[in-house]
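A.B. asks: Submitted below is the structure of interest, expressed as structure tokens.
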Amino acid sequence: MTEISGWCSHCGQYTEGLYLYNASGLNHFRCFICYQKGGKVYSPDIPSVSLPIDSPNVKEEIKIPSSLKPVLSSKRMDWETDPLLFTSLNQMFHFDLDAAASKENALCEKYYTEKEDTLCQVWHQDGQRIFLNPPYGRNIHKWMKKVCEESPFCEVIVCLIAARPDTSWWWNFVLKASEVWFLKGRWQSKGSSFNCPFPSAVVIYTPDQSSTVFKWWDWKKNLFYEASRID
Ligand SMILES: C[S@@+](CC[C@H](N)C(=O)[O-])C[C@H]1O[C@@H](n2cnc3c(N)ncnc32)[C@H](O)[C@@H]1O
């Protein structure tokens, strides 16, 4: 079982991270930041691996296989969209702006990079049908707040985000969306041999924020299962 939110055993914050284990098995949860300090990763999506750790229990430093280095680096905040998933969404929404990208991974002709800082841009001046796969991490609430601020002025904003319905950012910002589609299974980041280690949702904002439709989406077959509506 992979979980991605929890109480970090190192800094004590409730946030995103990974379960770690030591020689005796599943042990504790660490947030991504403290995780950089080391531990042993437990996940069905990636093989177990040892890292140097600041714990007296683990003295040995084991070399990390190069195939796992992307998983263990801060780049893991950037899960580039699965091409199949993006193609499917783009066929529905015809995006004209990728609101979080780099020159290398932009999915639309128009895009904002970290240097330009999307949070300081006026999105609706550059696009009306916006795709957003934000960096995964602690600042997600800032991104979702920005989406809510922009959505009255855009035709549609489609966000690919972690499905975290227990979090305050979800309650504050996702519940203002027009539709929430919970994805079946995990997608695979472009160029990665691992599945995304967290459940995902596609969250769709239109200028009308009066109600939210919840659906389950089998995105590989493009089948929808509708759940309920809040008015
Ligand atoms: C999850 S990746 C998504 C990349 C690509 N748009 C896709 O969906 O495959 C998030 C991207 O946002 C970029 N990014 C990080 N901070 C940003 C910011 N403040 N403004 C715009 N882009 C940012 C990262 O460099 C990264 O390329």
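Residues in the structure tokens are named by chain (A, B, ... in the order shown) and by number from 1 within that chain; ligands are numbered from 1 in the order shown.
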Name the residues, by chain letter and number, that sit within 6 Å of ligand 1 using only C-alpha atoms and all ligand atoms, and give them as a ChimeraX atom specification.
C.D. replies: /A:78-81,98,100-102,105-107,112-114,117-119,133-135
A.B. asks: Taking the chain letters and numbering used in this document, name the residues of segment 77-213 of chain A that DSSP puts in strand (DSSP E), as JSON, numbers by chain.
C.D. replies: {"A": [97, 98, 99, 100, 101, 111, 112, 113, 129, 130, 131, 132, 156, 157, 158, 159, 160, 161, 162, 179, 180, 181, 182, 183, 200, 201, 202, 203, 204, 205, 212, 213]}
A.B. asks: Any chance you could export the current selection's N, CA and C atoms as a short mmCIF file (atom, residue, chain, number, x, y, z; two decimals), in the first residue's frame?
C.D. replies:
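As a result, part_23.cif now contains:
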```
data_model
loop_
_atom_site.label_atom_id
_atom_site.label_comp_id
_atom_site.auth_asym_id
_atom_site.auth_seq_id
_atom_site.Cartn_x
_atom_site.Cartn_y
_atom_site.Cartn_z
N LEU A 97 -3.35 26.86 -23.30
CA LEU A 97 -2.29 27.33 -22.40
C LEU A 97 -1.94 26.25 -21.38
N ASP A 98 -0.66 25.95 -21.28
CA ASP A 98 -0.16 25.05 -20.23
C ASP A 98 0.37 25.95 -19.12
N ALA A 99 -0.30 25.94 -17.98
CA ALA A 99 0.01 26.93 -16.93
C ALA A 99 1.20 26.55 -16.06
N ALA A 100 1.74 25.35 -16.21
CA ALA A 100 2.94 24.97 -15.43
C ALA A 100 3.80 24.07 -16.29
N ALA A 101 4.90 24.62 -16.74
CA ALA A 101 5.70 23.86 -17.69
C ALA A 101 7.13 24.34 -17.69
N TYR A 111 2.72 28.68 -22.80
CA TYR A 111 2.94 28.07 -21.49
C TYR A 111 3.68 29.05 -20.57
N TYR A 112 3.56 28.80 -19.28
CA TYR A 112 4.32 29.57 -18.29
C TYR A 112 5.34 28.66 -17.63
N THR A 113 6.52 29.19 -17.42
CA THR A 113 7.56 28.41 -16.75
C THR A 113 7.76 28.94 -15.33
N ARG A 129 -8.58 28.13 -22.43
CA ARG A 129 -8.79 26.71 -22.14
C ARG A 129 -7.46 26.19 -21.61
N ILE A 130 -7.39 26.16 -20.31
CA ILE A 130 -6.08 26.04 -19.65
C ILE A 130 -5.89 24.66 -19.03
N PHE A 131 -4.69 24.13 -19.25
CA PHE A 131 -4.32 22.86 -18.62
C PHE A 131 -3.31 23.14 -17.54
N LEU A 132 -3.49 22.49 -16.39
CA LEU A 132 -2.54 22.67 -15.29
C LEU A 132 -2.25 21.33 -14.63
N VAL A 156 -12.43 27.41 -19.44
CA VAL A 156 -12.26 26.19 -18.64
C VAL A 156 -10.81 26.08 -18.16
N ILE A 157 -10.65 25.62 -16.94
CA ILE A 157 -9.32 25.28 -16.42
C ILE A 157 -9.38 23.83 -15.96
N VAL A 158 -8.49 23.02 -16.49
CA VAL A 158 -8.48 21.59 -16.17
C VAL A 158 -7.19 21.28 -15.42
N CYS A 159 -7.34 20.79 -14.21
CA CYS A 159 -6.17 20.53 -13.37
C CYS A 159 -6.01 19.03 -13.16
N LEU A 160 -4.79 18.57 -13.30
CA LEU A 160 -4.46 17.18 -12.96
C LEU A 160 -3.72 17.23 -11.64
N ILE A 161 -4.38 16.75 -10.60
CA ILE A 161 -3.79 16.89 -9.26
C ILE A 161 -3.93 15.59 -8.48
N ALA A 162 -3.22 15.54 -7.37
CA ALA A 162 -3.36 14.38 -6.48
C ALA A 162 -4.77 14.40 -5.86
N GLU A 179 -16.49 20.15 -11.99
CA GLU A 179 -16.46 18.69 -12.01
C GLU A 179 -15.17 18.17 -11.40
N VAL A 180 -15.30 17.03 -10.74
CA VAL A 180 -14.12 16.32 -10.22
C VAL A 180 -14.20 14.90 -10.76
N TRP A 181 -13.15 14.50 -11.46
CA TRP A 181 -13.11 13.14 -12.01
C TRP A 181 -12.00 12.37 -11.30
N PHE A 182 -12.39 11.36 -10.54
CA PHE A 182 -11.39 10.52 -9.89
C PHE A 182 -10.90 9.48 -10.90
N LEU A 183 -9.60 9.40 -11.05
CA LEU A 183 -9.04 8.54 -12.10
C LEU A 183 -8.93 7.09 -11.64
N SER A 200 -4.98 10.14 -8.42
CA SER A 200 -5.13 11.45 -9.07
C SER A 200 -6.58 11.76 -9.39
N ALA A 201 -6.81 13.05 -9.59
CA ALA A 201 -8.12 13.51 -10.04
C ALA A 201 -7.92 14.59 -11.09
N VAL A 202 -8.85 14.63 -12.01
CA VAL A 202 -8.92 15.74 -12.95
C VAL A 202 -10.00 16.66 -12.41
N VAL A 203 -9.63 17.91 -12.20
CA VAL A 203 -10.57 18.86 -11.59
C VAL A 203 -10.81 19.99 -12.59
N ILE A 204 -12.08 20.19 -12.90
CA ILE A 204 -12.45 21.07 -14.00
C ILE A 204 -13.20 22.29 -13.47
N TYR A 205 -12.66 23.43 -13.79
CA TYR A 205 -13.27 24.69 -13.35
C TYR A 205 -13.84 25.43 -14.56
N THR A 212 -20.91 21.10 -7.91
CA THR A 212 -19.82 20.22 -8.32
C THR A 212 -20.37 18.83 -8.65
N VAL A 213 -19.98 18.33 -9.82
CA VAL A 213 -20.36 16.97 -10.21
C VAL A 213 -19.15 16.08 -9.98
#
```
A.B. asks: Find, counting only C-alpha atoms, the residue in A:Asp166, A:Asp96, A:Asp126, A:Asp218 that gets nearest to Phe153 of chain A.
C.D. replies: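 Under the stated criterion, the closest residue is A:Asp126.
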A.B. asks: Quick one: residues within 9 Å of Leu85 of chain A, only C-alpha atoms counted, chain neighbours fewer than 3 positions away excluded, as a list of chain:residue names?
C.D. replies: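 These residues fall inside the cut-off: A:Thr81, A:Asp82, A:Ser88, A:Leu89, A:Asn90, A:Trp187, A:Trp219, A:Lys220.
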A.B. asks: Got time to write the residues from that selection, N, CA and C atoms, as an mmCIF file, in the first residue's frame?
C.D. replies:
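Final output, part-v1.cif:
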```
data_model
loop_
_atom_site.group_PDB
_atom_site.id
_atom_site.type_symbol
_atom_site.label_atom_id
_atom_site.label_comp_id
_atom_site.auth_asym_id
_atom_site.auth_seq_id
_atom_site.Cartn_x
_atom_site.Cartn_y
_atom_site.Cartn_z
ATOM 1 N N THR A 81 2.794 14.881 -17.369
ATOM 2 C CA THR A 81 1.534 14.204 -17.685
ATOM 3 C C THR A 81 1.729 13.027 -18.638
ATOM 4 N N ASP A 82 1.058 11.954 -18.316
ATOM 5 C CA ASP A 82 1.028 10.776 -19.185
ATOM 6 C C ASP A 82 0.495 11.214 -20.550
ATOM 7 N N SER A 88 -6.178 12.459 -24.377
ATOM 8 C CA SER A 88 -7.606 12.272 -24.126
ATOM 9 C C SER A 88 -8.255 13.580 -23.632
ATOM 10 N N LEU A 89 -7.582 14.242 -22.708
ATOM 11 C CA LEU A 89 -8.121 15.505 -22.180
ATOM 12 C C LEU A 89 -8.113 16.595 -23.256
ATOM 13 N N ASN A 90 -7.044 16.612 -24.029
ATOM 14 C CA ASN A 90 -6.925 17.658 -25.049
ATOM 15 C C ASN A 90 -7.989 17.496 -26.135
ATOM 16 N N TRP A 187 -1.464 6.786 -13.461
ATOM 17 C CA TRP A 187 -0.848 7.078 -14.753
ATOM 18 C C TRP A 187 0.664 7.041 -14.614
ATOM 19 N N TRP A 219 -9.975 6.349 -17.496
ATOM 20 C CA TRP A 219 -9.451 7.196 -18.580
ATOM 21 C C TRP A 219 -8.857 6.390 -19.730
ATOM 22 N N LYS A 220 -8.430 5.140 -19.461
ATOM 23 C CA LYS A 220 -7.870 4.344 -20.557
ATOM 24 C C LYS A 220 -8.972 3.887 -21.510
#
```
A.B. asks: Any idea what the distance is between atom CA of Gln188 of chain A and atom CA of Trp170 of chain A?
C.D. replies: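 The value is 22.9 Å.
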A.B. asks: Which residues are close to Glu150 of chain A, i.e. within 9 Å by only C-alpha atoms, leaving aside same-chain residues fewer than 5 positions away? Reply as a VMD selection string.
C.D. replies: chain A and resid 122 to 124 145 157 207
A.B. asks: From the list A:His141, A:His94, A:Lys115, A:Lys221, which residue is nearest Ser168 of chain A when using only C-alpha atoms?
C.D. replies: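 Ranking A:His141, A:His94, A:Lys115, A:Lys221 by distance to Ser168 of chain A, first place goes to A:His141.
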A.B. asks: List the neighbours of Tyr35 of chain A out to 8 Å using only C-alpha atoms; skip same-chain residues closer than 4 positions along the sequence, and give me the result as a PyMOL selection string.
C.D. replies: chain A and resi 17-18+30-31+39
A.B. asks: Just give me the gap between atom CA of Cys120 of chain A and atom CA of Asn139 of chain A in Å, one decimal is fine.
C.D. replies: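 Distance reported for this atom pair: 14.3 Å.
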A.B. asks: Between A:Cys108, A:Ile33, A:Ile140, A:Val147, which is the closest to Lys176 of chain A once you count only C-alpha atoms?
C.D. replies: A:Val147
A.B. asks: Tell me, in Å to one decimal, how far atom CA of Phe173 of chain A is from atom CA of Lys215 of chain A.
C.D. replies: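 That distance, rounded to one decimal, is 17.3 Å.
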